[in-house]
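Undergrad: Contents are compact mmCIF, C-alpha atoms; file name my_file_8.txt:
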```
# COMPACT_ATOMS: atom_id res chain seq x y z
CA MET A 1 13.96 10.39 7.90
CA LEU A 2 12.15 10.78 4.60
CA ASP A 3 9.06 12.30 6.16
CA ASN A 4 10.90 15.32 7.43
CA LEU A 5 13.08 16.34 4.50
CA SER A 6 12.84 20.08 4.05
CA GLU A 7 12.09 21.93 0.84
CA LYS A 8 15.69 23.08 0.79
CA GLU A 9 16.98 19.54 1.06
CA LEU A 10 14.73 18.36 -1.76
CA ASP A 11 15.95 21.27 -3.90
CA ALA A 12 19.51 20.24 -3.22
CA LEU A 13 18.72 16.68 -4.31
CA LYS A 14 17.15 18.03 -7.51
CA GLU A 15 20.31 20.00 -8.15
CA ILE A 16 22.32 16.83 -7.71
CA GLY A 17 20.05 15.16 -10.25
CA ASN A 18 20.56 18.09 -12.58
CA ILE A 19 24.32 17.98 -12.44
CA GLY A 20 24.47 14.22 -12.80
CA ALA A 21 21.97 14.05 -15.63
CA GLY A 22 23.60 16.93 -17.49
CA ASN A 23 26.84 15.00 -17.57
CA ALA A 24 25.06 11.80 -18.54
CA ALA A 25 23.24 13.52 -21.40
CA THR A 26 26.55 14.86 -22.69
CA ALA A 27 28.02 11.37 -22.59
CA LEU A 28 25.04 10.01 -24.52
CA TYR A 29 25.38 12.77 -27.06
CA GLN A 30 29.02 11.90 -27.61
CA ILE A 31 28.28 8.24 -28.18
CA LEU A 32 25.19 8.63 -30.30
CA GLY A 33 25.96 11.87 -32.11
CA MET A 34 22.41 12.88 -31.38
CA LYS A 35 21.15 15.70 -29.24
CA ILE A 36 19.59 14.42 -26.05
CA ASP A 37 17.32 16.70 -24.05
CA MET A 38 16.57 16.15 -20.44
CA THR A 39 13.78 17.32 -18.25
CA VAL A 40 14.34 19.26 -15.08
CA PRO A 41 14.78 16.48 -12.54
CA ARG A 42 12.29 15.86 -9.87
CA ALA A 43 13.13 14.78 -6.40
CA ALA A 44 10.08 13.30 -4.83
CA ILE A 45 9.09 11.18 -1.91
CA ILE A 46 6.50 8.71 -3.12
CA PRO A 47 4.63 5.93 -1.35
CA LEU A 48 6.22 2.64 -2.43
CA GLN A 49 3.00 1.41 -4.03
CA GLU A 50 2.88 4.37 -6.37
CA VAL A 51 6.41 4.11 -7.72
CA PRO A 52 5.45 1.84 -10.68
CA GLU A 53 2.96 4.50 -11.80
CA VAL A 54 5.90 6.78 -12.58
CA LEU A 55 6.74 4.39 -15.42
CA GLY A 56 3.16 4.19 -16.70
CA GLY A 57 1.90 1.36 -14.52
CA PRO A 58 3.18 -1.92 -13.10
CA ASP A 59 2.41 -4.02 -16.20
CA VAL A 60 4.09 -1.83 -18.82
CA LEU A 61 6.84 -3.65 -20.71
CA VAL A 62 10.21 -1.99 -20.13
CA ILE A 63 13.91 -2.62 -20.18
CA GLY A 64 15.74 -1.82 -16.99
CA VAL A 65 19.45 -1.50 -16.40
CA TYR A 66 20.22 -1.67 -12.73
CA LEU A 67 23.43 -0.80 -10.92
CA ARG A 68 24.24 -0.79 -7.25
CA VAL A 69 26.21 2.19 -6.04
CA LEU A 70 28.80 1.37 -3.43
CA GLY A 71 30.99 3.61 -1.32
CA ASP A 72 30.26 6.08 1.47
CA ALA A 73 26.79 6.84 0.20
CA SER A 74 25.36 3.64 -1.23
CA GLY A 75 22.23 3.41 -3.31
CA SER A 76 20.75 2.15 -6.54
CA ILE A 77 20.63 3.43 -10.06
CA LEU A 78 17.96 2.30 -12.42
CA PHE A 79 17.75 3.32 -16.05
CA VAL A 80 14.40 2.34 -17.53
CA MET A 81 13.33 2.61 -21.16
CA PRO A 82 10.26 1.53 -23.07
CA LYS A 83 11.00 -1.42 -25.35
CA ASP A 84 10.92 0.64 -28.57
CA SER A 85 13.37 3.20 -27.23
CA ALA A 86 15.77 0.50 -26.15
CA PHE A 87 15.64 -1.20 -29.56
CA TYR A 88 16.21 2.12 -31.32
CA LEU A 89 19.15 2.82 -29.04
CA VAL A 90 20.63 -0.53 -30.04
CA ASP A 91 20.12 0.37 -33.73
CA LEU A 92 22.07 3.58 -33.20
CA LEU A 93 24.86 1.93 -31.26
CA MET A 94 25.35 -0.89 -33.71
CA GLY A 95 24.97 1.27 -36.82
CA ARG A 96 21.83 -0.56 -37.92
CA PRO A 97 18.99 1.06 -39.85
CA PRO A 98 16.23 2.31 -37.49
CA GLY A 99 13.72 -0.45 -36.77
CA ASP A 100 16.23 -3.21 -37.48
CA THR A 101 16.55 -4.51 -33.93
CA GLN A 102 13.55 -6.64 -33.03
CA VAL A 103 14.85 -9.05 -30.43
CA LEU A 104 17.02 -8.71 -27.42
CA GLY A 105 19.93 -11.10 -27.84
CA GLU A 106 23.14 -11.28 -25.89
CA MET A 107 24.81 -8.64 -28.04
CA GLU A 108 21.89 -6.22 -27.71
CA GLU A 109 21.77 -6.73 -23.94
CA SER A 110 25.45 -6.09 -23.68
CA ALA A 111 25.13 -2.87 -25.70
CA LEU A 112 22.37 -1.60 -23.42
CA LYS A 113 24.31 -2.52 -20.29
CA GLU A 114 27.26 -0.60 -21.67
CA ILE A 115 25.05 2.44 -22.12
CA GLY A 116 23.94 2.02 -18.53
CA ASN A 117 27.56 1.91 -17.52
CA ILE A 118 28.56 4.98 -19.45
CA ILE A 119 25.75 7.23 -18.34
CA SER A 120 26.01 6.06 -14.75
CA GLY A 121 29.72 6.71 -14.79
CA ALA A 122 29.10 10.23 -16.10
CA TYR A 123 26.31 10.83 -13.61
CA LEU A 124 28.27 9.59 -10.61
CA ASN A 125 31.44 11.42 -11.63
CA ALA A 126 29.57 14.68 -11.53
CA LEU A 127 28.10 13.77 -8.17
CA SER A 128 31.51 12.90 -6.78
CA GLN A 129 32.97 16.22 -7.82
CA PHE A 130 30.06 18.09 -6.32
CA THR A 131 29.90 16.23 -3.03
CA ASN A 132 33.45 14.97 -2.57
CA ILE A 133 32.02 11.53 -1.89
CA SER A 134 33.28 8.65 -3.98
CA PHE A 135 30.57 6.64 -5.63
CA ILE A 136 31.51 3.26 -7.07
CA PRO A 137 29.09 1.67 -9.52
CA SER A 138 28.74 -2.12 -9.68
CA VAL A 139 28.57 -3.95 -12.97
CA PRO A 140 25.16 -3.43 -14.55
CA ALA A 141 22.40 -6.04 -14.65
CA LEU A 142 19.60 -5.98 -17.18
CA ALA A 143 16.01 -7.16 -17.26
CA PHE A 144 13.28 -6.96 -19.90
CA ASP A 145 9.95 -7.30 -18.14
CA MET A 146 7.00 -5.60 -16.45
CA ALA A 147 7.83 -2.29 -14.77
CA GLY A 148 6.42 -3.43 -11.44
CA ALA A 149 8.57 -6.54 -11.40
CA ILE A 150 11.70 -4.59 -12.28
CA LEU A 151 11.15 -2.06 -9.51
CA ASP A 152 10.46 -4.73 -6.88
CA VAL A 153 14.05 -5.35 -5.90
CA ILE A 154 14.78 -1.75 -5.08
CA LEU A 155 11.46 -1.17 -3.40
CA ALA A 156 11.89 -4.27 -1.24
CA GLU A 157 15.18 -2.86 -0.05
CA LEU A 158 13.54 0.43 0.90
CA GLY A 159 10.48 -1.31 2.31
CA GLN A 160 12.53 -2.63 5.19
CA LEU A 161 12.86 0.89 6.48
CA GLY A 162 9.58 2.51 5.66
CA ASP A 163 6.70 2.92 3.29
CA TYR A 164 8.18 5.70 1.12
CA ALA A 165 10.86 5.97 -1.53
CA LEU A 166 12.95 8.97 -2.43
CA LEU A 167 13.46 9.18 -6.16
CA VAL A 168 15.65 11.61 -8.02
CA GLU A 169 14.33 11.20 -11.51
CA THR A 170 15.35 12.63 -14.88
CA GLN A 171 13.72 11.97 -18.19
CA PHE A 172 15.78 11.80 -21.36
CA LEU A 173 14.39 12.61 -24.77
CA GLY A 174 16.06 12.40 -28.12
CA GLY A 175 15.29 11.41 -31.67
CA GLY A 176 15.81 11.73 -35.37
CA ASN A 177 16.28 9.35 -38.29
CA GLY A 178 12.97 7.66 -37.76
CA GLY A 179 13.14 6.83 -34.09
CA SER A 180 12.99 8.37 -30.67
CA ILE A 181 14.41 7.65 -27.29
CA THR A 182 12.86 8.28 -23.94
CA GLY A 183 14.22 6.98 -20.73
CA HIS A 184 13.81 7.44 -16.99
CA TYR A 185 16.87 7.64 -14.88
CA PHE A 186 16.48 7.07 -11.16
CA LEU A 187 18.92 7.65 -8.38
CA ILE A 188 17.63 6.00 -5.25
CA PRO A 189 19.87 6.63 -2.25
CA ASP A 190 19.78 3.98 0.44
CA PRO A 191 18.06 5.44 3.48
CA GLY A 192 21.30 5.74 5.43
CA SER A 193 23.07 7.53 2.59
CA LEU A 194 20.72 10.42 2.38
CA GLY A 195 22.17 12.13 5.43
CA THR A 196 25.70 11.63 4.13
CA ILE A 197 24.87 13.27 0.81
CA LEU A 198 23.00 16.18 2.33
CA GLU A 199 25.75 16.78 4.84
CA ALA A 200 28.39 16.75 2.12
CA ILE A 201 26.65 19.54 0.23
CA GLY A 202 25.99 21.45 3.41
CA VAL A 203 22.22 21.62 3.42
CA LYS A 204 21.37 19.11 6.10
CA SER A 205 18.97 20.76 8.49
CA LYS A 206 18.98 20.35 12.30
CA MET B 1 -15.81 -9.10 -15.66
CA SER B 2 -14.27 -5.65 -15.55
CA SER B 3 -16.89 -4.33 -13.13
CA ASN B 4 -15.86 -7.04 -10.68
CA LEU B 5 -12.14 -6.52 -11.13
CA ILE B 6 -10.37 -5.68 -7.90
CA LYS B 7 -6.80 -4.44 -8.23
CA VAL B 8 -4.42 -5.22 -5.43
CA GLY B 9 -1.38 -2.96 -5.38
CA MET B 10 2.09 -3.63 -4.11
CA ALA B 11 2.15 -4.29 -0.35
CA ASP B 12 -1.62 -4.48 -0.32
CA LEU B 13 -4.26 -7.19 0.11
CA ASN B 14 -7.95 -7.74 -0.45
CA ALA B 15 -10.66 -10.39 -0.24
CA ALA B 16 -13.85 -10.82 -2.25
CA LYS B 17 -16.79 -13.08 -2.99
CA SER B 18 -17.64 -14.75 -6.30
CA PRO B 19 -17.81 -13.57 -9.08
CA ALA B 20 -15.17 -10.96 -8.28
CA VAL B 21 -11.77 -11.18 -9.92
CA LEU B 22 -8.69 -10.20 -7.94
CA ILE B 23 -5.61 -9.07 -9.83
CA THR B 24 -2.12 -7.90 -8.98
CA TYR B 25 0.32 -6.69 -11.63
CA GLY B 26 4.03 -7.11 -12.06
CA LEU B 27 5.21 -9.40 -9.28
CA GLY B 28 9.00 -9.54 -9.40
CA SER B 29 10.68 -10.49 -6.16
CA CYS B 30 7.33 -9.93 -4.46
CA VAL B 31 5.12 -12.96 -3.84
CA GLY B 32 1.44 -13.06 -4.65
CA VAL B 33 -0.47 -15.23 -2.18
CA THR B 34 -3.99 -16.27 -3.10
CA LEU B 35 -6.29 -18.12 -0.73
CA TYR B 36 -9.55 -19.69 -1.77
CA ASP B 37 -12.48 -21.33 0.03
CA GLU B 38 -14.35 -23.29 -2.60
CA LYS B 39 -17.46 -23.93 -0.50
CA VAL B 40 -18.39 -20.27 -0.09
CA ARG B 41 -16.42 -19.10 -3.14
CA VAL B 42 -14.45 -16.49 -1.32
CA GLY B 43 -10.94 -15.59 -2.47
CA GLY B 44 -8.18 -13.40 -1.16
CA LEU B 45 -4.99 -11.98 -2.63
CA ALA B 46 -1.95 -10.44 -0.94
CA HIS B 47 0.99 -8.80 -2.74
CA ILE B 48 3.83 -9.43 -0.30
CA MET B 49 7.08 -7.53 -0.54
CA LEU B 50 9.23 -8.74 2.35
CA PRO B 51 9.59 -11.90 4.40
CA ASP B 52 9.62 -10.77 8.00
CA SER B 53 8.18 -7.80 9.86
CA LYS B 54 10.41 -8.57 12.83
CA ALA B 55 13.53 -7.85 10.74
CA ALA B 56 12.26 -4.45 9.64
CA LYS B 57 13.23 -1.20 11.32
CA GLU B 58 9.77 0.19 10.85
CA VAL B 59 6.75 -2.02 10.27
CA GLY B 60 4.36 0.59 8.90
CA ASN B 61 2.03 -1.25 6.61
CA PRO B 62 1.52 -4.87 7.77
CA ALA B 63 0.40 -5.99 4.29
CA LYS B 64 4.03 -5.65 3.22
CA PHE B 65 5.31 -8.68 5.13
CA ALA B 66 4.60 -12.41 4.81
CA ASP B 67 4.23 -13.00 8.53
CA THR B 68 1.75 -10.18 9.11
CA ALA B 69 -0.14 -10.07 5.79
CA ILE B 70 -1.32 -13.69 5.72
CA PRO B 71 -3.21 -13.60 9.05
CA ILE B 72 -4.93 -10.36 7.99
CA LEU B 73 -5.93 -11.92 4.69
CA ILE B 74 -7.39 -14.97 6.47
CA GLU B 75 -9.33 -12.69 8.80
CA LYS B 76 -10.70 -10.58 5.92
CA MET B 77 -11.87 -13.71 4.14
CA GLY B 78 -13.41 -14.93 7.39
CA GLU B 79 -15.54 -11.78 7.49
CA LEU B 80 -16.92 -12.86 4.10
CA GLY B 81 -17.81 -16.30 5.40
CA ALA B 82 -14.68 -18.26 4.52
CA SER B 83 -13.24 -20.79 6.91
CA LYS B 84 -9.50 -21.25 7.35
CA SER B 85 -9.92 -25.03 7.51
CA ARG B 86 -11.25 -25.10 3.94
CA MET B 87 -8.75 -22.68 2.43
CA VAL B 88 -6.17 -23.69 -0.13
CA ALA B 89 -3.28 -21.50 -1.23
CA LYS B 90 -1.77 -20.77 -4.61
CA ILE B 91 1.39 -18.71 -4.66
CA ALA B 92 3.42 -17.08 -7.44
CA GLY B 93 6.29 -14.63 -7.82
CA GLY B 94 9.50 -14.55 -5.81
CA ALA B 95 11.66 -14.14 -8.89
CA GLN B 96 15.18 -12.78 -9.08
CA MET B 97 14.92 -10.05 -11.67
CA PHE B 98 18.55 -9.00 -11.79
CA THR B 99 21.53 -11.30 -11.46
CA PHE B 100 24.91 -9.71 -10.90
CA SER B 101 26.94 -12.79 -10.28
CA LYS B 102 26.17 -16.47 -10.38
CA GLN B 103 28.10 -17.17 -7.19
CA ASP B 104 26.20 -14.79 -4.96
CA PRO B 105 25.86 -16.87 -1.80
CA LYS B 106 23.12 -14.70 -0.34
CA LYS B 107 19.59 -15.88 -1.09
CA SER B 108 17.70 -13.46 -3.25
CA ILE B 109 14.89 -11.44 -1.70
CA GLY B 110 12.48 -13.33 -3.95
CA GLN B 111 13.61 -16.69 -2.58
CA ARG B 112 13.37 -15.45 0.96
CA ASN B 113 9.88 -14.10 0.33
CA ALA B 114 8.70 -17.42 -1.09
CA GLU B 115 10.18 -19.36 1.82
CA ALA B 116 8.59 -17.08 4.38
CA VAL B 117 5.21 -17.40 2.69
CA ARG B 118 5.45 -21.21 2.63
CA GLU B 119 6.41 -21.29 6.27
CA LYS B 120 3.60 -18.97 7.36
CA LEU B 121 1.01 -20.96 5.39
CA LYS B 122 2.29 -24.15 7.03
CA ASP B 123 1.89 -22.52 10.46
CA GLU B 124 -1.66 -21.61 9.57
CA GLY B 125 -2.34 -25.15 8.33
CA ILE B 126 -3.26 -24.04 4.81
CA PRO B 127 -2.08 -26.41 2.05
CA ILE B 128 -0.27 -24.95 -0.98
CA VAL B 129 -1.77 -26.48 -4.10
CA VAL B 130 0.08 -24.34 -6.65
CA ASP B 131 3.61 -22.99 -6.19
CA GLU B 132 4.85 -21.01 -9.18
CA THR B 133 7.76 -19.17 -7.63
CA GLY B 134 11.32 -18.45 -8.68
CA GLY B 135 12.80 -17.81 -12.10
CA ASN B 136 13.97 -14.45 -13.39
CA PHE B 137 10.77 -13.02 -14.85
CA GLY B 138 7.80 -10.99 -13.66
CA ARG B 139 4.27 -12.28 -13.24
CA THR B 140 0.80 -10.76 -13.24
CA ILE B 141 -1.67 -12.97 -11.39
CA ILE B 142 -5.45 -13.11 -11.52
CA LEU B 143 -7.65 -15.06 -9.10
CA HIS B 144 -11.14 -15.92 -10.34
CA THR B 145 -13.31 -16.29 -7.26
CA ASP B 146 -16.10 -18.09 -9.14
CA THR B 147 -13.84 -21.05 -9.92
CA GLY B 148 -10.72 -20.60 -7.80
CA VAL B 149 -8.61 -20.68 -10.95
CA LEU B 150 -5.38 -18.71 -10.78
CA GLU B 151 -4.23 -17.20 -14.05
CA ILE B 152 -0.54 -16.32 -14.33
CA LYS B 153 0.64 -14.03 -17.11
CA THR B 154 4.26 -13.43 -18.00
CA ILE B 155 6.30 -11.75 -20.71
CA GLY B 156 7.88 -14.42 -22.85
CA HIS B 157 7.11 -17.29 -20.46
CA GLY B 158 3.52 -17.89 -21.45
CA VAL B 159 0.19 -17.81 -19.64
CA LYS B 160 -0.89 -20.50 -17.20
CA GLU B 161 -4.22 -21.32 -15.63
CA LEU B 162 -3.86 -23.32 -12.47
```
Using structure tokens, write down the structure from this file.
TA:
Amino acid sequence: MLDNLSEKELDALKEIGNIGAGNAATALYQILGMKIDMTVPRAAIIPLQEVPEVLGGPDVLVIGVYLRVLGDASGSILFVMPKDSAFYLVDLLMGRPPGDTQVLGEMEESALKEIGNIISGAYLNALSQFTNISFIPSVPALAFDMAGAILDVILAELGQLGDYALLVETQFLGGGNGGSITGHYFLIPDPGSLGTILEAIGVKSK
Amino acid sequence: MSSNLIKVGMADLNAAKSPAVLITYGLGSCVGVTLYDEKVRVGGLAHIMLPDSKAAKEVGNPAKFADTAIPILIEKMGELGASKSRMVAKIAGGAQMFTFSKQDPKKSIGQRNAEAVREKLKDEGIPIVVDETGGNFGRTIILHTDTGVLEIKTIGHGVKEL
């Protein structure tokens, strides 16, 4: 399935990423009061082994917020941030001076999960309106560990069906007041959902 | 050491002679299987992603699965002079990185990977001398083929040499 996606279908997936991420960036802006830029999303089919490289290598320390997407087109959402960005985000959310957060306690984890919730809600809402498919996010789960280890779960899921992963990725950038935020946002449709999404937006070939 | 460092990626495997060092980064639910023949100082490392090739819709790369990767690893080590009868195994990984709910009755993919690896090694008659699987954290593992020592690095759970 993945091997024969057309250029047009990939473009459509990028557009989906664009719409979802635009909404998510607006939601972040409203919570943080800080302008958040986003890159033009990329939709790419990557060999499973190379996916950790997208985050700078399998041993880079990151914080990942993971949600399962349920409904007619199931999949996974993963929001990954470098440690410093995540700590700065916590500073902003909790009204602490920049650089104040140094450890990830229960409260900090909960704040980051909530961010995952909010931006995923915004992202999926936009997708639902565009595709007329209802996407239902699960509660978020969080891990603070090596990028490779964090990606494993999702890649294992995809590995049952092939050696490639389809990623719709957006990068967020924001900053000010002595800190900066970068994050990678991945939408990873389950292999069976891809057809459903493409059909819903009317670009499925054949 | 760095000139002898062999990186093994996800769903990949490799074998080497002393003094090479085999490393795989960031094992989460994946299981790292290392085999070692002390007599000839030959080691092998496989980064296994899934338990069973028979359950997969498309096999593709056999290094991905416990049941198909281990025999290939044994064979590769055999080409370097190792003998299966002398091999010992050290395994690590198989963690559950994300927990949604404590009551989830389904075994995690990490648990299933570790079980499949243990079973396959038993079939092959290779004893497991180190079993560092489970938990909820990632591991980077390094096999030193000159000594057979397996180094396990984690974030916040220390470093072990076994």
Undergrad: Out of A:Ser85, A:Gln30, A:Thr196, A:Gln160, which residue has the shortest atom-to-atom distance to chain B when counting all atoms listed in the file?
TA: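 Using all atoms listed in the file, the shortest distance to chain B belongs to A:Gln160.
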Undergrad: Mind giving me the straight-line distance from CA of Leu78 (chain A) to CA of Glu132 (chain B) in Å, one decimal?
TA: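 Between CA of Leu78 (chain A) and CA of Glu132 (chain B) the gap is 26.9 Å.
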Undergrad: Near Glu157 (chain A), within 9 Å and counting all atoms listed in the file, which residues show up once chain neighbours fewer than 4 positions away are dropped, as a VMD selection string?
TA: (chain A and resid 152 to 153 161 190) or (chain B and resid 50 109)
Undergrad: Identify every residue of chain A that has at least one atom within 7 Å of any atom of chain B, counting only C-alpha atoms, and report the result as a PDB file with C-alpha atoms, keeping the file's coordinate frame.
TA:
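Output file selection-v5.pdb is given in full below:
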```pdb
ATOM      1  CA  GLN A  49       3.000   1.410  -4.030  1.00  0.00           C
ATOM      2  CA  PRO A  58       3.180  -1.920 -13.100  1.00  0.00           C
ATOM      3  CA  ASP A  59       2.410  -4.020 -16.200  1.00  0.00           C
ATOM      4  CA  ALA A 141      22.400  -6.040 -14.650  1.00  0.00           C
ATOM      5  CA  LEU A 142      19.600  -5.980 -17.180  1.00  0.00           C
ATOM      6  CA  ALA A 143      16.010  -7.160 -17.260  1.00  0.00           C
ATOM      7  CA  ASP A 145       9.950  -7.300 -18.140  1.00  0.00           C
ATOM      8  CA  MET A 146       7.000  -5.600 -16.450  1.00  0.00           C
ATOM      9  CA  ALA A 147       7.830  -2.290 -14.770  1.00  0.00           C
ATOM     10  CA  GLY A 148       6.420  -3.430 -11.440  1.00  0.00           C
ATOM     11  CA  ALA A 149       8.570  -6.540 -11.400  1.00  0.00           C
ATOM     12  CA  ILE A 150      11.700  -4.590 -12.280  1.00  0.00           C
ATOM     13  CA  ASP A 152      10.460  -4.730  -6.880  1.00  0.00           C
ATOM     14  CA  VAL A 153      14.050  -5.350  -5.900  1.00  0.00           C
ATOM     15  CA  ALA A 156      11.890  -4.270  -1.240  1.00  0.00           C
ATOM     16  CA  GLN A 160      12.530  -2.630   5.190  1.00  0.00           C
ATOM     17  CA  LEU A 161      12.860   0.890   6.480  1.00  0.00           C
ATOM     18  CA  GLY A 162       9.580   2.510   5.660  1.00  0.00           C
ATOM     19  CA  ASP A 163       6.700   2.920   3.290  1.00  0.00           C
TER      20      ASP A 163
END
```
Undergrad: For Thr182 (chain A), list every protein, DNA or RNA residue within 7 Å, evaluated using all atoms listed in the file, and leave out those in the same chain fewer than 4 positions away; present the list as a list in words.
TA: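 The neighbour list is Met81, Ser85, Gln171, Phe172, Leu173 and Gly174 of chain A.
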Undergrad: Output the selection as a compact mmCIF listing (two decimals), in the frame of the given file - C-alpha atoms for each residue.
TA:
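As written to disk, out28.txt reads:
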```txt
# COMPACT_ATOMS: atom_id res chain seq x y z
CA MET A 81 13.33 2.61 -21.16
CA SER A 85 13.37 3.20 -27.23
CA GLN A 171 13.72 11.97 -18.19
CA PHE A 172 15.78 11.80 -21.36
CA LEU A 173 14.39 12.61 -24.77
CA GLY A 174 16.06 12.40 -28.12
```
Undergrad: If we count all atoms listed in the file and set the cut-off at 8 Å, which residues sit around Leu73 (chain B), ignoring sequence neighbours fewer than 4 positions away in its own chain? Please answer as a compact mmCIF listing (two decimals) with C-alpha atoms, keeping the file's coordinate frame.
TA:
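Printed below is part_32.txt as written:
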```txt
# COMPACT_ATOMS: atom_id res chain seq x y z
CA LEU B 13 -4.26 -7.19 0.11
CA ASN B 14 -7.95 -7.74 -0.45
CA ALA B 15 -10.66 -10.39 -0.24
CA GLY B 44 -8.18 -13.40 -1.16
CA LEU B 45 -4.99 -11.98 -2.63
CA ALA B 46 -1.95 -10.44 -0.94
CA ALA B 69 -0.14 -10.07 5.79
CA MET B 77 -11.87 -13.71 4.14
```
Undergrad: Pick the closest to Gly56 (chain A) from A:Gly75, A:Glu199, A:His184, A:Ala44: which is it, counting all atoms listed in the file?
TA: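 Nearest candidate to Gly56 (chain A) out of A:Gly75, A:Glu199, A:His184, A:Ala44: A:His184.
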Undergrad: Report, as AutoDock Vina command-line options, the axis-aligned box around all atoms of region 39-57 of chain A present in the file, extended by 4 Å on each side; give centre and edge lengths in Å to one decimal place.
TA:
```
--center_x 8.3 --center_y 10.3 --center_z -9.8 --size_x 20.9 --size_y 25.9 --size_z 24.9
```
Undergrad: Mind giving me the straight-line distance from CA of Gln102 (chain A) to CA of Tyr88 (chain A) in Å, one decimal?
TA: 9.3 Å
Undergrad: Need the shell around Ile6 (chain B): protein/DNA/RNA residues with any atom at most 8 Å away, counting all atoms listed in the file. Skip same-chain ones fewer than 5 positions apart. Format as a PyMOL selection string?
TA: chain B and resi 20-23
Undergrad: Mind listing as a PyMOL selection string all residues within 12 Å of (-7.1, -17.6, 7.7), counting all atoms listed in the file?
TA: chain B and resi 15+34-37+42-45+68-89+120-127
Undergrad: One decimal, in Å: what's the spacing between CA of Leu112 (chain A) and CA of Val54 (chain A)?
TA: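 Separation between CA of Leu112 (chain A) and CA of Val54 (chain A): 21.4 Å.
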Undergrad: Can you complete the atoms of region 114-126 of chain A to N, CA, C and O atoms and list them as a PDB file, in the frame of the given file?
TA:
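Writing the result to part.pdb gives the following:
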```pdb
ATOM      1  N   GLU A 114      26.133  -1.515 -21.501  1.00  0.00           N
ATOM      2  CA  GLU A 114      27.260  -0.600 -21.670  1.00  0.00           C
ATOM      3  C   GLU A 114      26.769   0.846 -21.608  1.00  0.00           C
ATOM      4  O   GLU A 114      27.412   1.703 -21.011  1.00  0.00           O
ATOM      5  N   ILE A 115      25.633   1.104 -22.215  1.00  0.00           N
ATOM      6  CA  ILE A 115      25.050   2.440 -22.120  1.00  0.00           C
ATOM      7  C   ILE A 115      24.750   2.788 -20.670  1.00  0.00           C
ATOM      8  O   ILE A 115      25.031   3.892 -20.189  1.00  0.00           O
ATOM      9  N   GLY A 116      24.205   1.822 -19.959  1.00  0.00           N
ATOM     10  CA  GLY A 116      23.940   2.020 -18.530  1.00  0.00           C
ATOM     11  C   GLY A 116      25.212   2.374 -17.792  1.00  0.00           C
ATOM     12  O   GLY A 116      25.239   3.277 -16.953  1.00  0.00           O
ATOM     13  N   ASN A 117      26.267   1.660 -18.125  1.00  0.00           N
ATOM     14  CA  ASN A 117      27.560   1.910 -17.520  1.00  0.00           C
ATOM     15  C   ASN A 117      28.071   3.311 -17.784  1.00  0.00           C
ATOM     16  O   ASN A 117      28.538   4.010 -16.891  1.00  0.00           O
ATOM     17  N   ILE A 118      27.997   3.699 -19.045  1.00  0.00           N
ATOM     18  CA  ILE A 118      28.560   4.980 -19.450  1.00  0.00           C
ATOM     19  C   ILE A 118      27.783   6.137 -18.825  1.00  0.00           C
ATOM     20  O   ILE A 118      28.365   7.050 -18.240  1.00  0.00           O
ATOM     21  N   ILE A 119      26.471   6.081 -18.894  1.00  0.00           N
ATOM     22  CA  ILE A 119      25.750   7.230 -18.340  1.00  0.00           C
ATOM     23  C   ILE A 119      25.818   7.244 -16.818  1.00  0.00           C
ATOM     24  O   ILE A 119      25.886   8.297 -16.209  1.00  0.00           O
ATOM     25  N   SER A 120      25.887   6.075 -16.203  1.00  0.00           N
ATOM     26  CA  SER A 120      26.010   6.060 -14.750  1.00  0.00           C
ATOM     27  C   SER A 120      27.376   6.573 -14.326  1.00  0.00           C
ATOM     28  O   SER A 120      27.497   7.300 -13.331  1.00  0.00           O
ATOM     29  N   GLY A 121      28.392   6.208 -15.082  1.00  0.00           N
ATOM     30  CA  GLY A 121      29.720   6.710 -14.790  1.00  0.00           C
ATOM     31  C   GLY A 121      29.750   8.227 -14.865  1.00  0.00           C
ATOM     32  O   GLY A 121      30.266   8.899 -13.965  1.00  0.00           O
ATOM     33  N   ALA A 122      29.134   8.772 -15.919  1.00  0.00           N
ATOM     34  CA  ALA A 122      29.100  10.230 -16.100  1.00  0.00           C
ATOM     35  C   ALA A 122      28.308  10.892 -14.967  1.00  0.00           C
ATOM     36  O   ALA A 122      28.729  11.909 -14.400  1.00  0.00           O
ATOM     37  N   TYR A 123      27.194  10.296 -14.648  1.00  0.00           N
ATOM     38  CA  TYR A 123      26.310  10.830 -13.610  1.00  0.00           C
ATOM     39  C   TYR A 123      27.039  10.852 -12.257  1.00  0.00           C
ATOM     40  O   TYR A 123      27.096  11.865 -11.559  1.00  0.00           O
ATOM     41  N   LEU A 124      27.634   9.716 -11.923  1.00  0.00           N
ATOM     42  CA  LEU A 124      28.270   9.590 -10.610  1.00  0.00           C
ATOM     43  C   LEU A 124      29.545  10.423 -10.498  1.00  0.00           C
ATOM     44  O   LEU A 124      29.863  10.944  -9.433  1.00  0.00           O
ATOM     45  N   ASN A 125      30.254  10.558 -11.621  1.00  0.00           N
ATOM     46  CA  ASN A 125      31.440  11.420 -11.630  1.00  0.00           C
ATOM     47  C   ASN A 125      31.092  12.827 -11.245  1.00  0.00           C
ATOM     48  O   ASN A 125      31.779  13.464 -10.442  1.00  0.00           O
ATOM     49  N   ALA A 126      30.006  13.319 -11.843  1.00  0.00           N
ATOM     50  CA  ALA A 126      29.570  14.680 -11.530  1.00  0.00           C
ATOM     51  C   ALA A 126      29.174  14.777 -10.065  1.00  0.00           C
ATOM     52  O   ALA A 126      29.508  15.744  -9.381  1.00  0.00           O
TER      53      ALA A 126
END
```
